[in-house]
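*Asks:* To be precise about what I am sending: the file is called target-v9.csv and holds CSV, C-alpha atoms.
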chain,number,residue,atom,x,y,z
A,1,MET,CA,0.0,0.0,0.0
A,2,ARG,CA,1.0,3.6,-0.5
A,3,ILE,CA,0.9,5.2,2.9
A,4,ASP,CA,1.3,8.8,4.1
A,5,ILE,CA,2.1,9.5,7.8
A,6,ILE,CA,1.4,13.1,8.6
A,7,THR,CA,2.5,14.7,11.8
A,8,ALA,CA,3.1,18.2,13.0
A,9,GLY,CA,4.7,19.8,16.1
A,10,THR,CA,8.0,19.4,17.9
A,11,THR,CA,10.6,16.6,18.0
A,12,GLY,CA,8.6,14.5,20.3
A,13,SER,CA,5.7,14.7,17.9
A,14,VAL,CA,7.8,13.4,15.0
A,15,VAL,CA,10.5,10.9,16.0
A,16,PRO,CA,8.1,8.1,17.2
A,17,TYR,CA,6.7,8.0,13.7
A,18,THR,CA,10.1,7.1,12.2
A,19,GLY,CA,9.8,3.7,14.0
A,20,LEU,CA,6.2,3.2,12.8
A,21,GLY,CA,7.1,4.2,9.3
A,22,HIS,CA,10.2,1.9,9.3
A,23,ARG,CA,8.0,-1.1,10.4
A,24,LEU,CA,5.5,-0.4,7.7
A,25,VAL,CA,8.3,-0.3,5.1
A,26,ALA,CA,9.6,-3.6,6.4
A,27,GLU,CA,6.1,-5.0,5.9
A,28,GLY,CA,6.3,-4.1,2.2
A,29,HIS,CA,4.5,-0.8,2.1
A,30,GLU,CA,5.6,2.4,0.3
A,31,VAL,CA,5.7,5.0,3.1
A,32,GLU,CA,6.3,8.7,3.1
A,33,LEU,CA,6.5,10.7,6.4
A,34,VAL,CA,5.2,14.3,5.9
A,35,THR,CA,6.4,16.7,8.5
A,36,HIS,CA,8.3,20.0,9.0
A,37,ALA,CA,11.4,20.4,6.8
A,38,LYS,CA,13.7,20.8,9.9
A,39,PHE,CA,13.2,17.1,10.6
A,40,ALA,CA,14.2,15.9,7.1
A,41,GLY,CA,17.6,14.7,8.2
A,42,THR,CA,16.1,12.6,11.0
A,43,VAL,CA,13.6,11.0,8.8
A,44,THR,CA,15.8,10.2,5.8
A,45,CYS,CA,18.5,8.8,8.0
A,46,CYS,CA,16.0,6.2,9.1
A,47,GLY,CA,15.5,5.2,5.5
A,48,LEU,CA,12.2,6.9,5.0
A,49,ARG,CA,11.0,9.2,2.2
A,50,THR,CA,9.9,12.6,3.5
A,51,ARG,CA,8.0,15.6,2.1
A,52,PRO,CA,8.0,19.0,3.9
A,53,LEU,CA,4.9,20.2,5.7
A,54,GLU,CA,5.1,23.9,5.5
A,55,PRO,CA,4.9,26.3,7.2
A,56,ASP,CA,6.1,25.4,10.7
A,57,PRO,CA,4.1,27.6,13.1
A,58,PHE,CA,5.0,25.8,16.3
A,59,GLU,CA,8.0,27.7,17.5
A,60,ASP,CA,5.8,30.8,17.8
A,61,LEU,CA,3.2,28.8,19.5
A,62,LEU,CA,5.7,27.3,22.0
A,63,ALA,CA,7.0,30.8,22.8
A,64,ALA,CA,3.4,31.9,23.6
A,65,HIS,CA,2.9,28.7,25.8
A,66,ASN,CA,6.2,29.3,27.6
A,67,THR,CA,5.3,33.0,28.3
A,68,PHE,CA,2.0,31.9,29.8
A,69,GLN,CA,3.4,29.0,31.8
A,70,GLY,CA,6.3,31.2,32.9
A,71,GLY,CA,4.2,33.1,35.3
A,72,ARG,CA,2.6,35.8,33.2
A,73,ARG,CA,-0.9,34.3,33.4
A,74,SER,CA,-2.7,37.6,32.8
A,75,PRO,CA,-5.8,37.9,30.6
A,76,ARG,CA,-3.6,39.4,27.9
A,77,ALA,CA,-1.2,36.4,28.1
A,78,LEU,CA,-4.1,34.0,27.8
A,79,ARG,CA,-5.5,35.9,24.9
A,80,ASP,CA,-2.1,35.9,23.2
A,81,LEU,CA,-1.9,32.1,23.8
A,82,ALA,CA,-5.3,31.5,22.3
A,83,ARG,CA,-4.5,33.7,19.2
A,84,ALA,CA,-1.2,31.9,18.7
A,85,THR,CA,-2.9,28.6,18.8
A,86,GLU,CA,-5.5,29.7,16.2
A,87,ARG,CA,-2.8,31.1,14.0
A,88,ALA,CA,-0.9,27.8,14.1
A,89,ALA,CA,-4.0,25.9,13.1
A,90,VAL,CA,-4.8,28.3,10.3
A,91,ARG,CA,-1.3,28.2,8.9
A,92,LEU,CA,-1.4,24.4,9.1
A,93,VAL,CA,-4.2,24.3,6.6
A,94,ASP,CA,-2.2,25.3,3.6
A,95,GLY,CA,0.4,22.7,4.4
A,96,MET,CA,-2.1,20.0,4.9
A,97,LEU,CA,-3.8,20.7,1.6
A,98,THR,CA,-0.6,19.5,-0.2
A,99,ALA,CA,0.4,17.0,2.5
A,100,VAL,CA,-2.3,14.5,1.7
A,101,ASP,CA,-1.3,12.6,-1.5
A,102,PRO,CA,-4.5,12.0,-3.6
A,103,LYS,CA,-2.8,8.8,-4.9
A,104,ALA,CA,-2.2,7.4,-1.5
A,105,ASP,CA,-4.1,4.3,-0.3
A,106,LEU,CA,-4.1,5.3,3.3
A,107,VAL,CA,-3.2,8.4,5.4
A,108,LEU,CA,-2.2,8.0,9.0
A,109,LEU,CA,-2.7,11.2,11.0
A,110,SER,CA,-1.3,12.4,14.3
A,111,THR,CA,-3.4,14.2,17.0
A,112,LEU,CA,-2.6,17.7,15.7
A,113,ALA,CA,-2.9,16.8,12.0
A,114,ALA,CA,-6.2,14.8,12.4
A,115,PRO,CA,-8.8,17.6,12.5
A,116,ILE,CA,-7.6,19.1,9.2
A,117,GLY,CA,-6.1,16.0,7.6
A,118,ARG,CA,-9.2,13.8,7.9
A,119,VAL,CA,-11.3,16.4,5.9
A,120,VAL,CA,-8.6,16.6,3.2
A,121,ALA,CA,-8.3,12.8,3.0
A,122,ARG,CA,-12.1,12.4,2.6
A,123,TYR,CA,-12.1,15.1,-0.1
A,124,HIS,CA,-9.6,13.0,-2.1
A,125,LYS,CA,-11.5,9.8,-1.2
A,126,VAL,CA,-8.4,8.4,0.6
A,127,ARG,CA,-8.9,6.3,3.6
A,128,SER,CA,-7.4,7.5,6.9
A,129,MET,CA,-6.7,6.4,10.4
A,130,GLY,CA,-5.6,8.1,13.6
A,131,VAL,CA,-2.2,7.3,15.1
A,132,PHE,CA,-2.2,9.4,18.3
A,133,LEU,CA,0.5,9.7,21.0
A,134,GLN,CA,-2.1,10.9,23.6
A,135,PRO,CA,-5.7,10.0,24.3
A,136,ASP,CA,-8.4,12.6,23.5
A,137,ALA,CA,-11.6,10.6,23.7
A,138,PRO,CA,-13.7,11.3,26.9
A,139,THR,CA,-13.7,8.6,29.6
A,140,SER,CA,-14.5,8.3,33.2
A,141,ALA,CA,-11.2,6.5,33.8
A,142,PHE,CA,-9.0,9.6,33.7
A,143,PRO,CA,-9.2,13.3,32.9
A,144,PRO,CA,-8.2,14.8,29.6
A,145,CYS,CA,-4.4,14.9,29.2
A,146,VAL,CA,-4.2,18.7,29.3
A,147,LEU,CA,-5.6,18.8,32.8
A,148,PRO,CA,-4.1,17.5,36.1
A,149,TRP,CA,-4.7,13.9,37.0
A,150,GLN,CA,-7.9,13.1,38.8
A,151,PRO,CA,-9.4,9.9,40.3
A,152,PRO,CA,-11.8,8.0,38.1
A,153,GLY,CA,-15.4,9.4,37.9
A,154,TYR,CA,-18.0,10.7,35.6
A,155,ALA,CA,-16.6,14.3,36.1
A,156,ASN,CA,-13.7,13.3,33.9
A,157,ARG,CA,-16.0,12.8,31.0
A,158,LEU,CA,-17.4,16.3,31.5
A,159,ARG,CA,-13.9,17.7,31.8
A,160,ALA,CA,-12.9,16.0,28.5
A,161,ARG,CA,-16.0,17.3,26.7
A,162,ALA,CA,-15.2,20.9,27.9
A,163,VAL,CA,-11.6,20.6,26.7
A,164,ASN,CA,-12.7,19.2,23.3
A,165,ALA,CA,-15.1,22.1,23.0
A,166,VAL,CA,-12.2,24.6,23.6
A,167,THR,CA,-10.0,22.7,21.1
A,168,ASP,CA,-12.8,22.7,18.5
A,169,ALA,CA,-13.2,26.5,19.0
A,170,LEU,CA,-9.4,27.0,18.4
A,171,TYR,CA,-9.6,25.1,15.1
A,172,ALA,CA,-12.8,26.9,14.0
A,173,ALA,CA,-11.0,29.6,11.8
A,174,ALA,CA,-8.7,26.9,10.3
A,175,ASN,CA,-11.8,24.8,9.5
A,176,ARG,CA,-13.5,27.7,7.7
A,177,ARG,CA,-10.4,28.3,5.7
A,178,LEU,CA,-10.1,24.6,4.9
A,179,HIS,CA,-13.6,24.3,3.6
A,180,ALA,CA,-13.3,27.5,1.6
A,181,ARG,CA,-10.1,26.3,-0.1
A,182,LEU,CA,-11.7,23.0,-1.0
A,183,GLY,CA,-14.9,24.7,-2.2
A,184,LEU,CA,-17.0,22.8,0.3
A,185,SER,CA,-19.9,24.1,2.5
A,186,CYS,CA,-18.5,24.5,5.9
A,187,ARG,CA,-19.3,22.0,8.6
A,188,SER,CA,-18.3,22.9,12.2
A,189,VAL,CA,-15.4,21.2,13.9
A,190,HIS,CA,-17.8,20.0,16.6
A,191,LEU,CA,-20.0,18.3,14.0
A,192,LEU,CA,-17.0,16.7,12.4
A,193,ARG,CA,-15.9,15.4,15.8
A,194,ARG,CA,-19.3,13.9,16.4
A,195,GLU,CA,-19.3,12.3,13.0
A,196,ARG,CA,-15.8,10.9,13.7
A,197,GLU,CA,-17.0,9.2,16.8
A,198,LYS,CA,-20.3,8.0,15.3
A,199,SER,CA,-18.5,6.4,12.4
A,200,ARG,CA,-16.0,4.8,14.8
A,201,TRP,CA,-13.1,6.2,12.9
A,202,PRO,CA,-10.1,4.0,13.9
A,203,ILE,CA,-7.5,5.5,16.2
A,204,TRP,CA,-4.4,3.6,17.4
A,205,HIS,CA,-2.7,5.1,20.5
A,206,GLY,CA,1.1,4.9,20.7
A,207,TYR,CA,1.6,4.1,24.3
A,208,SER,CA,1.5,1.0,26.5
A,209,ARG,CA,-1.5,-0.4,28.4
A,210,ALA,CA,1.0,-0.9,31.2
A,211,VAL,CA,1.3,2.9,31.4
A,212,VAL,CA,-2.2,4.0,30.6
A,213,PRO,CA,-4.8,1.1,30.5
A,214,ARG,CA,-7.5,1.2,27.8
A,215,PRO,CA,-10.6,2.6,29.5
A,216,PRO,CA,-13.5,0.2,29.5
A,217,ASP,CA,-16.0,2.9,28.5
A,218,TRP,CA,-14.2,3.8,25.2
A,219,ARG,CA,-16.1,3.2,22.0
A,220,PRO,CA,-15.1,0.4,19.5
A,221,GLY,CA,-12.3,1.6,17.2
A,222,LEU,CA,-10.2,3.2,19.9
A,223,ARG,CA,-7.2,1.0,20.5
A,224,VAL,CA,-4.0,1.1,22.5
A,225,ALA,CA,-1.2,-0.4,20.4
A,226,GLY,CA,1.9,0.0,22.6
A,227,TYR,CA,4.8,2.4,21.9
A,228,TRP,CA,6.3,2.7,18.5
A,229,TRP,CA,9.9,3.5,19.2
A,230,PRO,CA,12.0,6.0,17.2
A,231,HIS,CA,14.1,4.3,14.6
A,232,GLU,CA,17.8,5.0,15.2
A,233,CYS,CA,19.9,6.0,12.3
A,234,PRO,CA,22.1,3.1,11.4
A,235,SER,CA,25.1,5.3,10.6
A,236,TRP,CA,25.0,7.2,13.9
A,237,GLN,CA,28.0,7.0,16.3
A,238,PRO,CA,28.1,8.4,19.8
A,239,PRO,CA,30.5,11.3,20.3
A,240,SER,CA,33.8,10.5,22.1
A,241,LEU,CA,33.0,13.2,24.7
A,242,VAL,CA,30.0,11.2,25.8
A,243,THR,CA,31.5,7.7,25.7
A,244,ASP,CA,34.6,8.9,27.5
A,245,PHE,CA,32.5,10.6,30.2
A,246,LEU,CA,30.3,7.5,30.7
A,247,ALA,CA,33.4,5.3,31.0
A,248,ALA,CA,35.1,7.7,33.6
A,249,GLY,CA,32.6,7.1,36.5
A,250,PRO,CA,29.3,5.8,37.7
A,251,PRO,CA,26.1,6.3,35.6
A,252,PRO,CA,25.2,10.0,35.4
A,253,VAL,CA,21.8,11.7,35.6
A,254,PHE,CA,20.4,12.9,32.3
A,255,VAL,CA,18.9,16.4,32.2
A,256,GLY,CA,16.9,17.5,29.2
A,257,PHE,CA,13.9,19.7,28.5
A,258,GLY,CA,13.6,19.1,24.7
A,259,SER,CA,11.8,21.9,23.0
A,260,MET,CA,10.8,23.7,26.2
A,261,MET,CA,12.2,27.1,27.0
A,262,PRO,CA,11.9,27.3,30.7
A,263,GLY,CA,13.0,30.8,31.6
A,264,ASP,CA,16.6,32.0,31.9
A,265,PRO,CA,18.9,29.2,30.7
A,266,GLU,CA,21.9,30.6,32.7
A,267,ARG,CA,19.9,30.4,36.0
A,268,LEU,CA,18.4,27.0,35.1
A,269,GLY,CA,21.9,25.7,34.3
A,270,ASP,CA,23.2,26.9,37.7
A,271,VAL,CA,20.3,25.2,39.4
A,272,MET,CA,21.1,21.9,37.7
A,273,ALA,CA,24.8,22.1,38.5
A,274,ARG,CA,24.2,22.9,42.2
A,275,ALA,CA,21.6,20.2,42.5
A,276,LEU,CA,23.8,17.5,41.0
A,277,ARG,CA,26.7,18.6,43.2
A,278,ARG,CA,24.6,18.6,46.3
A,279,ALA,CA,23.3,15.1,45.5
A,280,GLY,CA,26.8,13.8,44.7
A,281,LEU,CA,25.8,12.8,41.2
A,282,ARG,CA,27.4,13.2,37.7
A,283,GLY,CA,25.3,14.7,34.9
A,284,ILE,CA,24.8,14.9,31.2
A,285,VAL,CA,22.8,18.0,30.3
A,286,GLN,CA,21.2,18.4,26.9
A,287,ALA,CA,21.2,21.9,25.6
A,288,GLY,CA,17.8,21.6,23.9
A,289,TRP,CA,15.8,24.6,22.6
A,290,ALA,CA,16.5,26.4,25.9
A,291,GLY,CA,20.2,26.5,25.1
A,292,LEU,CA,21.3,25.1,28.5
A,293,SER,CA,25.0,25.1,29.1
A,294,VAL,CA,26.4,23.6,32.3
A,295,HIS,CA,30.1,23.5,33.1
A,296,ASP,CA,31.3,21.5,36.1
A,297,ASP,CA,33.9,18.8,36.9
A,298,ASP,CA,31.2,16.1,36.8
A,299,VAL,CA,28.8,17.5,34.3
A,300,ILE,CA,29.0,17.8,30.5
A,301,THR,CA,26.6,19.5,28.1
A,302,VAL,CA,25.6,17.8,24.8
A,303,GLY,CA,23.5,18.4,21.8
A,304,PRO,CA,20.8,16.0,20.4
A,305,LEU,CA,21.5,12.3,21.2
A,306,PRO,CA,19.2,9.3,20.7
A,307,HIS,CA,17.4,8.6,23.9
A,308,GLY,CA,17.2,4.9,23.1
A,309,TRP,CA,21.0,4.8,23.3
A,310,LEU,CA,21.8,7.3,26.1
A,311,LEU,CA,19.1,6.8,28.8
A,312,PRO,CA,19.7,3.2,29.6
A,313,ARG,CA,23.3,4.3,30.5
A,314,THR,CA,22.0,6.7,33.1
A,315,ALA,CA,21.0,6.5,36.8
A,316,ALA,CA,18.0,8.7,36.5
A,317,VAL,CA,16.4,11.2,34.1
A,318,VAL,CA,15.2,14.8,34.7
A,319,HIS,CA,12.9,15.9,31.9
A,320,HIS,CA,9.8,17.9,30.9
A,321,ALA,CA,7.6,14.8,30.8
A,322,GLY,CA,6.6,15.2,27.1
A,323,ALA,CA,5.0,12.0,25.8
A,324,GLY,CA,8.2,10.9,23.8
A,325,THR,CA,10.7,11.6,26.6
A,326,THR,CA,8.4,10.0,29.2
A,327,ALA,CA,8.3,6.9,27.0
A,328,ALA,CA,12.0,6.8,26.4
A,329,GLY,CA,12.7,7.0,30.2
A,330,LEU,CA,10.3,4.1,30.9
A,331,ARG,CA,11.9,2.0,28.1
A,332,ALA,CA,15.3,2.7,29.6
A,333,GLY,CA,14.1,1.4,33.0
A,334,VAL,CA,15.5,4.3,35.1
A,335,PRO,CA,13.8,6.5,37.7
A,336,ALA,CA,12.5,9.9,36.7
A,337,VAL,CA,12.2,13.4,38.1
A,338,PRO,CA,9.7,15.2,35.8
A,339,VAL,CA,9.6,19.0,35.5
A,340,PRO,CA,6.4,19.4,33.5
A,341,HIS,CA,5.7,22.7,31.8
A,342,LEU,CA,2.6,22.7,29.6
A,343,THR,CA,-0.2,20.9,27.8
A,344,ASP,CA,0.0,17.1,28.5
A,345,GLN,CA,3.3,17.2,30.5
A,346,PRO,CA,1.7,17.5,34.0
A,347,TRP,CA,-0.5,14.6,33.1
A,348,TRP,CA,2.3,12.3,32.1
A,349,ALA,CA,4.3,13.5,35.1
A,350,SER,CA,1.5,12.3,37.3
A,351,ARG,CA,1.5,9.0,35.6
A,352,LEU,CA,5.2,8.5,36.4
A,353,VAL,CA,4.6,9.2,40.0
A,354,ARG,CA,1.5,6.9,40.2
A,355,LEU,CA,3.5,4.2,38.3
A,356,GLY,CA,6.1,4.3,41.1
A,357,VAL,CA,9.1,5.3,39.0
A,358,SER,CA,9.3,8.8,40.3
A,359,PRO,CA,9.4,10.3,43.8
A,360,GLY,CA,7.4,13.3,42.6
A,361,ALA,CA,7.1,16.0,40.0
A,362,LEU,CA,8.7,19.5,40.3
A,363,PRO,CA,6.8,22.2,38.5
A,364,PRO,CA,9.2,24.9,37.1
A,365,SER,CA,7.9,27.4,39.7
A,366,ALA,CA,9.1,25.0,42.5
A,367,LEU,CA,12.4,24.1,40.9
A,368,THR,CA,15.3,24.9,43.2
A,369,ALA,CA,18.7,23.3,43.6
A,370,GLY,CA,17.7,22.0,47.0
A,371,ARG,CA,14.4,20.5,45.9
A,372,LEU,CA,15.9,18.9,42.8
A,373,ALA,CA,18.8,17.5,44.8
A,374,ASP,CA,16.4,16.0,47.3
A,375,ALA,CA,14.3,14.4,44.5
A,376,LEU,CA,17.4,13.0,42.8
A,377,SER,CA,18.7,11.6,46.1
A,378,ARG,CA,15.4,9.8,46.5
A,379,ALA,CA,15.2,8.6,42.9
A,380,THR,CA,18.7,7.2,42.9
A,381,GLY,CA,19.0,6.2,46.6
A,382,GLU,CA,15.7,4.4,47.2
A,383,PRO,CA,15.8,1.0,45.4
A,384,ARG,CA,12.0,0.8,45.0
A,385,PHE,CA,12.1,3.4,42.2
A,386,ALA,CA,14.7,1.6,40.2
A,387,ALA,CA,13.1,-1.8,40.8
A,388,ARG,CA,9.7,-0.5,39.6
A,389,ALA,CA,11.3,1.2,36.5
A,390,SER,CA,13.1,-2.0,35.6
A,391,GLU,CA,9.9,-4.1,36.0
A,392,LEU,CA,8.0,-1.7,33.6
A,393,ALA,CA,10.8,-1.7,31.1
A,394,GLY,CA,10.6,-5.4,31.0
A,395,ARG,CA,6.9,-5.3,30.2
A,396,LEU,CA,7.5,-2.7,27.4
A,397,ALA,CA,10.2,-4.8,25.9
A,398,ARG,CA,7.7,-7.6,25.3
A,399,GLU,CA,5.3,-5.3,23.4
A,400,ASP,CA,5.2,-4.6,19.7
A,401,GLY,CA,3.2,-1.4,19.2
A,402,ALA,CA,4.4,-0.7,15.6
A,403,GLY,CA,3.5,-4.3,14.8
A,404,ALA,CA,-0.1,-3.8,16.1
A,405,VAL,CA,-0.6,-0.9,13.7
A,406,ALA,CA,1.1,-2.8,10.9
A,407,ARG,CA,-1.4,-5.6,11.3
A,408,ALA,CA,-4.3,-3.2,11.3
A,409,VAL,CA,-3.0,-1.6,8.1
A,410,ALA,CA,-2.6,-5.0,6.5
A,411,ALA,CA,-6.3,-5.7,7.3
A,412,MET,CA,-7.3,-2.6,5.5
A,413,ALA,CA,-5.4,-3.5,2.3
A,414,PRO,CA,-7.6,-3.8,-0.8
What would you get if you wrote out this structure as structure tokens?
*Replies:*
Amino acid sequence: MRIDIITAGTTGSVVPYTGLGHRLVAEGHEVELVTHAKFAGTVTCCGLRTRPLEPDPFEDLLAAHNTFQGGRRSPRALRDLARATERAAVRLVDGMLTAVDPKADLVLLSTLAAPIGRVVARYHKVRSMGVFLQPDAPTSAFPPCVLPWQPPGYANRLRARAVNAVTDALYAAANRRLHARLGLSCRSVHLLRREREKSRWPIWHGYSRAVVPRPPDWRPGLRVAGYWWPHECPSWQPPSLVTDFLAAGPPPVFVGFGSMMPGDPERLGDVMARALRRAGLRGIVQAGWAGLSVHDDDVITVGPLPHGWLLPRTAAVVHHAGAGTTAAGLRAGVPAVPVPHLTDQPWWASRLVRLGVSPGALPPSALTAGRLADALSRATGEPRFAARASELAGRLAREDGAGAVARAVAAMAP
């Protein structure tokens, strides 16, 4: 089959689909991963064809998110955040109109791409399926992933419906533009969502049931596949700086915040250095979009490195609790100290604590050298966290999330 995988967003919203795409290629399909041009090197290194999804509105959106989460939660900051989200969705329309290949047999759509991509696919009479990294369907089992974790109860369904209503409103302008560009009479985003649910549009979720069990009140067609892990570039070699550092002492702590920009990087770097020193731990700090740079006798700063290679060689991970980094830490079988910033990150951080692999989350507003040192001392010093992390990693190793999606795709073949 000729398959398009379309995803938009940051690194964590792209790299898991390299593993899924690689598995589909191995099953004999012709696969193209459509995403932002800056990820072309990552995709092609994995042996996949790629096509750029332009423009890329997400750096501006992340800047607005970080301003809002950074403490300036004024009505103006909230309005700016809402407008940035609407602009990102509108700008995504033009890219999505060319992203869907009319000659494709199947289009696989990520969470952010689905509201627009499903309409375009239907316009071209191309079948589509959701491949989501987070759940968005209402359930009593847990709250929507952009809200703090709550115990099971019907109120969670109400919370999810409210969140979906807000999301639909933020896509409204983009939806009007989309229908106008296609020459179609406009149907509201809310109506399209209802139709999606009524038709039981298939959605596979790329996380493990051991991490988030499938809710019993979900409709048919909503499935949990298991993680589809990023495919590592076969020609990649670790830098000697890192291999020498790893060989020179006990396993270090990994610190990385991915695409987050959590305030002053100099101050944050100083917090990390003092926390590691106080806890008596070595560290590998990833610069990320924040531009962190930490210089200390027992700390090095690095650029992008495959988490699948690095994290199993660490004693613990400090990260922003994005879906991808959370998954990588669980796969590595090491304890975590999440520092969640926005959207689904507090939700995943709560899961890490409830799963028993983390002593607790530290929001950026509560992040001090003393608190981080205490959390790291517990994460690395209390055996129960490492034992639970190792147990979960063993369960994940026995799963085949990409294979589950590949089998579903095969069942859809003409």
*Asks:* Go through A:Gly206, A:Gly283, A:Gly258, A:Gly303 and flag the residue nearest A:His319, using all atoms listed in the file for the distances.
*Replies:* A:Gly258
*Asks:* Go through A:Pro340, A:Gly360, A:Gly381, A:Pro414 and flag the residue nearest A:Val146, using all atoms listed in the file for the distances.
*Replies:*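 The answer is A:Pro340, which sits nearest to A:Val146.
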*Asks:* What's the separation between atom CA of A:Val405 and atom CA of A:Leu20, in Å to one decimal place?
*Replies:*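 About the pair atom CA of A:Val405 and atom CA of A:Leu20: they are 8.0 Å apart.
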*Asks:* Have a look at atom CA of A:Ala173 and atom CA of A:Glu86 and let me know their distance in Å, one decimal.
*Replies:* 7.0 Å
*Asks:* Considering all atoms listed in the file, return as a list in words whatever protein or nucleic-acid residues lie within 8 Å of A:Ala279, sequence-local ones (same chain, fewer than 4 positions apart) excluded.
*Replies:*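 So the residues in contact are Ala275, Ala373, Asp374, Leu376 and Ser377 of chain A.
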*Asks:* Could you pull the residues within 9 Å of A:Gly356, counting only C-alpha atoms, minus those fewer than 3 positions along the same chain, as a ChimeraX atom specification?
*Replies:* /A:335,351-353,359,384-385,388-389
*Asks:* Between atom CA of A:Ala113 and atom CA of A:Ala141, what distance in Å does the model show, to one decimal?
*Replies:* 25.5 Å
*Asks:* Which residue, A:His307, A:Arg274, A:His320, A:Arg2, has the smallest gap to A:Pro230 when you use only C-alpha atoms?
*Replies:* A:His307
*Asks:* Which residue is closest to A:Thr10? Choose from A:Ala336, A:Val255, A:Leu24, A:Leu112 and count all atoms listed in the file.
*Replies:*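 Going through A:Ala336, A:Val255, A:Leu24, A:Leu112 one by one, the smallest distance to A:Thr10 is for A:Leu112.
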*Asks:* Rank A:Met272, A:Val339, A:Val14, A:Leu241 by their smallest atom-to-atom distance to A:Ile300, using only C-alpha atoms, and report the top residue only.
*Replies:*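 Selected residue with least distance to A:Ile300: A:Leu241.
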*Asks:* So, with only C-alpha atoms as the atoms that count, which of A:Val299, A:Leu292, A:Leu97, A:Val357 lies closest to A:Gly280?
*Replies:*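 Using only C-alpha atoms, the shortest distance to A:Gly280 belongs to A:Val299.
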*Asks:* Within 10 Å of (-1.6, 9.1, -4.7) in the file's own coordinates, which protein, DNA or RNA residues have an atom, counting only C-alpha atoms? List them as a ChimeraX atom specification.
*Replies:* /A:2-4,100-106,124,126
*Asks:* Tell me which protein, DNA and RNA residues are within 9 Å of A:Trp149, counting only C-alpha atoms, leaving out same-chain ones fewer than 5 positions away, and put them as an NGL selection string.
*Replies:* :A and (142-144 or 346-348 or 350-351)
*Asks:* Quick one: everything within 10 Å of A:Leu147, counting only C-alpha atoms, minus sequence neighbours fewer than 5 positions away in the same chain. Send it as JSON, numbers by chain.
*Replies:* {"A": [142, 156, 159, 160, 163, 342, 343, 344, 345, 346, 347]}
*Asks:* Counting only C-alpha atoms, give me one row per residue of stretch 262-329 of chain A with an atom at most 12 Å from an atom of stretch 29-51 of chain A, showing the shortest contact pair and its distance in Å to one decimal, sorted by chain then residue number, as a tab-separated table.
*Replies:*
residue	atom	partner	partner_atom	distance
A:Pro304	CA	A:Thr42	CA	11.0
A:Leu305	CA	A:Thr42	CA	11.5
A:Pro306	CA	A:Thr42	CA	10.7
*Asks:* Which residues are close to A:Glu27, i.e. within 10 Å by only C-alpha atoms, leaving aside same-chain residues fewer than 2 positions away? Reply as an MDAnalysis selection string.
*Replies:* chainID A and resid 1 21:25 29:30 403 406:407 409:410
